[in-house]
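These notes are about the structure you will find just below.
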Amino acid sequence: MEGELRRNFDIGQNQGELAFDVGSLVMGGPAAKAVKGLSRVASIGNDAKYLAQGFGPKAAAYLAEPYPASGMGSHYVPRRARLPEILGGGPLPKSYMDGPFNRLAPPGISRGDMYELHYQVDPRFNVARLPREVGGGVWQGGKIDLERYDQLGRLWHGAPPPLKARVGGLGAGAGGALYSPEEESDW
């Protein structure tokens, strides 16, 4: 009896691990990162998009540049969030706040597309200043008739891919571990 229980436990663990791995892959795990361009078509080099939105040539070229890896990005847990008093209060650790599970800045996205994405997923983000060298002024989502995502859309589209992969993978793993085909039989 003990041997059979151990065998069933090991099978369940394997099913859970497989479900986690498949879920992680489907949701953007490490192997999926090798496939470029699946999640978003960027406007890198597409000055015409930003000219049509009313920006001058220099500002349009700036918005069509790749978003820098050092850019602020959009934070899933807002930067204004604080630790509970029981944990000492104060800001969350910078390593988490700017880490891959909290900071959204998709690789290969243009500045303008990043501003649009940030506007759509963050109800408090409205304006991005443009440098003086490109004419100054601001990028403003409300002026180009962008619509914000609803709460469910913000949760999904605002989540960085590593966060989606882990949450989706854990959910799939838990579902696989809990699923038992024996429960469906009519013996």
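For the structure tokens, the naming scheme is as follows: chains receive sequential letters (A, B, ...) according to their order of presentation, residues are indexed from 1 within each chain, and ligands are indexed from 1 in presentation order.
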Near Arg132 in chain A, within 12 Å and counting only C-alpha atoms, which residues show up once chain neighbours fewer than 5 positions away are dropped, as a PyMOL selection string?
chain A and resi 58-59+62+137-138
I need the residues in range 71-181 of chain A that are strand (DSSP E) according to DSSP; give them as a count of residues only.
10
What gap, in Å, lies between CA of Ala61 in chain A and CA of Tyr119 in chain A?
19.9 Å
Residues within 9 Å of Gly54 in chain A, please, as a list in words. Count only C-alpha atoms; anything in the same chain fewer than 4 positions from it doesn't count.
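The filter keeps Tyr50, Ala60 and Ile144 of chain A.
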Excluding Gln53 in chain A and any residue of its chain fewer than 3 positions from it, enumerate the residues within 12 Å of it, using only C-alpha atoms, and give them as number ranges by chain.
A: 46-50, 56-57, 59-60, 63, 112, 139-146
Can you list every residue in range 77-184 of chain A that DSSP puts in helix (DSSP H, G or I), as a ChimeraX atom specification?
/A:85-87,94-97,111-121,132-134,141-144,151-157,161-178,181-184
Could you please determine the separation between CA of Ile109 in chain A and CA of Gly73 in chain A in Å, to one decimal place?
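Here the two named atoms are 10.9 Å from each other.
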CA of His75 in chain A to CA of Gly168 in chain A: how many Å, to one decimal?
19.1 Å
Measuring atom to atom with only C-alpha atoms, identify which of A:Arg166, A:His118, A:Arg129, A:Arg79 is nearest to Tyr149 in chain A.
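Ranked by minimum distance to Tyr149 in chain A, first place goes to A:His118.
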Measuring between only C-alpha atoms, which one of A:Gly88, A:Tyr96, A:Val77, A:Gly108 shows the shortest distance to Ile44 in chain A?
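Comparing A:Gly88, A:Tyr96, A:Val77, A:Gly108 against Ile44 in chain A, the winner is A:Gly108.
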